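Undergrad: Can you read through this structure? Questions will come right after.
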Amino acid sequence: MNPTTRHLADYAVAVRYEDLPPMVIQRAKDCITDTVGAIICGADLPWSKMIIAYARANGARGNSFILDAGGEPVRAASAALANGALAHAFELDNLTKPGCGVHPGATLVPAALAVAQERSMSGRDLVTAFVAGAEVMIRIGRATKHTNEARGFHAPGTTGPFGAAVAVGKLRSFDAERMTNALGIAGSLAGGLLEFARSDGAMVKRLHIGRAAEGGVLAASLAAEGFTGPSTVLEGHYGFLRVFCSDYDLSELTCGLGETYLTMTAMIKRFACHITAHNPVEAMLDLKEEHGFCGADIASIAVLGNERMARVNNIPTPADVMLAQYSIPFSVALSVYRDPRDPRSFDESAVRDPDICALAQRVAIGVAEGQASGDLACTLTITLKDGRVLTRRATGFRGTPERPLDQAGLREKFMLLTHRLDRSRMEHLFERLQQVEMERDLNWIRV
């Protein structure tokens, strides 16, 4: 057996709830809670309904629930596919800082929850599976140095099957051999192209996360039956890192494993837009509150950030809502006229709003000298028509590891995401999710 993939498998097998620090358990619960809210919000969108219909048609007669306000339970793989796509349906799911191409909540929770419901497992089981999956998947993401996206892959679609496979394998009490096979199989299920960011057909972005969650269920299910995958899937000559990445760091796969919990790097979004837009949007909100200007007062806006912000997310004229959420110029402009904390602000009318569109055209994005590709910090400069120049440096928005959302902030977001359902019921759901380790089963996580 190889010393790297097998090392990760050995670690995942050994993870125990009783050994997890309280802060890691809480961060896992926050990610689980946040993801359930994102799934419920995403369920009502037209692209989500297409995936839900497919999942129901092809996964009938199961014990796992799609969180879409009703319906009979489906098979675990179908629930993972649907809930994974729903979690990522509106740019609301959690990521990590520094960014490394992984989406812990949207990838791990749908897969683990589906199997936990299928097998009548507990909240402690879910938390443990989440942490095991996150510790492995985040390290794989870091090892890629995010160069899988530089080559044109949508990174979470490539890293996600590994994490989901580990989470499901943990729920199924895999030994090291089966866990290694699950990882080996997951490598053949990695995929997702970034062309949506420069073309039409942006609905497919949501599918990548659903397929990652579904792939993890498939990989672990096959491994449970003795199906094998390459034990050098990560570092082999034709392994994941060499094939998908133009540069990589093998040492990151096991760096701090068993000593440092990378689960703590998870960050929770407040705005329904791409993570690269969060610091610029928060800086805009702060300056707007401090100086009291409005959209009509602004002559131009400049954003200095990393190379990806200027190259990939610099979309001044997005064609639809999905590309608008992926666009820094549009998200910054929208935050002048609407509340970006409310996902309802990012709707079709916003894409056609002449004021938002005109202001987005006046946002210039440049690369700050020496800024690392994974650094999301930015400097926002607003030039007003009266000649004033306002500047704000933003390095860590609320929701990042250094400024984590408190219970009030997490609750505020959850209630905004679930606004279309009964408020008292959603408040009760939030409370139970925040105490999920006390639950003997998880069949109550449904809508």
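So you can find residues: chains in the structure tokens are A, B, ... in the order shown, residues in each start at 1, and ligands are numbered from 1 in order.
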Tell me which protein, DNA and RNA residues are within 6 Å of range 197-208 of chain A, counting only C-alpha atoms, leaving out same-chain ones fewer than 5 positions away, and put them as a ChimeraX atom specification.
TA: /A:85,88-89,157,192
Undergrad: Please produce, as a tab-separated table, a per-residue contact table for range 160-274 of chain A versus range 133-151 of chain A (criterion: any atom at most 10 Å away, only C-alpha atoms considered), showing the nearest atom pair and its distance in Å to one decimal, sorted by chain then residue number.
TA:
```
residue	atom	partner	partner_atom	distance
A:Gly160	CA	A:Met137	CA	7.0
A:Pro161	CA	A:Met137	CA	8.7
A:Phe162	CA	A:Met137	CA	6.2
A:Gly163	CA	A:Gly133	CA	4.5
A:Ala164	CA	A:Gly133	CA	6.3
A:Ala165	CA	A:Gly133	CA	7.6
A:Val166	CA	A:Gly133	CA	5.1
A:Ala167	CA	A:Gly133	CA	4.7
A:Val168	CA	A:Gly133	CA	8.4
A:Gly169	CA	A:Gly133	CA	9.1
A:Lys170	CA	A:Gly133	CA	8.3
A:Gly192	CA	A:Glu149	CA	9.8
A:Leu193	CA	A:Glu149	CA	8.6
A:Leu194	CA	A:Glu149	CA	7.3
A:Leu234	CA	A:Ile140	CA	8.2
A:Phe240	CA	A:Thr144	CA	9.1
A:Leu241	CA	A:Thr144	CA	6.3
A:Arg242	CA	A:Thr144	CA	9.2
A:Val243	CA	A:Asn148	CA	8.9
A:Phe244	CA	A:Asn148	CA	5.4
A:Cys245	CA	A:Asn148	CA	4.5
A:Ser246	CA	A:Thr147	CA	5.7
A:Asp247	CA	A:Thr147	CA	6.0
A:Tyr248	CA	A:Thr144	CA	4.7
A:Asp249	CA	A:Ala143	CA	4.7
A:Leu250	CA	A:Ala143	CA	5.8
A:Ser251	CA	A:Ala143	CA	7.2
A:Glu252	CA	A:Ala143	CA	4.9
A:Leu253	CA	A:Arg139	CA	5.0
A:Thr254	CA	A:Arg139	CA	7.1
A:Cys255	CA	A:Arg139	CA	7.7
A:Gly256	CA	A:Arg139	CA	9.4
A:Leu257	CA	A:Glu135	CA	7.7
A:Gly258	CA	A:Glu135	CA	8.9
A:Thr260	CA	A:Glu135	CA	9.0
A:Tyr261	CA	A:Glu135	CA	6.6
A:Leu262	CA	A:Glu135	CA	5.7
A:Thr263	CA	A:Ala134	CA	5.9
A:Met264	CA	A:Glu135	CA	9.6
A:Thr265	CA	A:Ile138	CA	8.9
A:Ala266	CA	A:Ala134	CA	9.1
```
Undergrad: Neighbours of range 382-384 of chain A within 8 Å (only C-alpha atoms; same-chain residues fewer than 5 positions away dropped), as a ChimeraX atom specification?
TA: /A:297-302,389-391
Undergrad: Would you pick out the contacts of range 347-359 of chain A at 12 Å or less, using only C-alpha atoms, so that residues sharing its chain but fewer than 2 positions from it are not included, and give the list as a count of residues only?
TA: 47
Undergrad: Can you work out the spacing between CA of Arg172 in chain A and CA of Gly84 in chain A in Å, to one decimal?
TA: 19.9 Å
Undergrad: Enter the distance from CA of Ala77 in chain A to CA of Val217 in chain A, in Å, rounded to one decimal.
TA: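 Separation between CA of Ala77 in chain A and CA of Val217 in chain A: 5.7 Å.
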Undergrad: Can you measure CA of Leu380 in chain A to CA of Thr276 in chain A for me? One decimal in Å is fine.
TA: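 If I compute the distance from CA of Leu380 in chain A to CA of Thr276 in chain A, I get 12.8 Å.
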Undergrad: Given the choices A:Cys31, A:Ala57, A:Met426, A:Leu171, which gets closest to Ala106 in chain A if the distance is worked out from only C-alpha atoms?
TA: A:Cys31
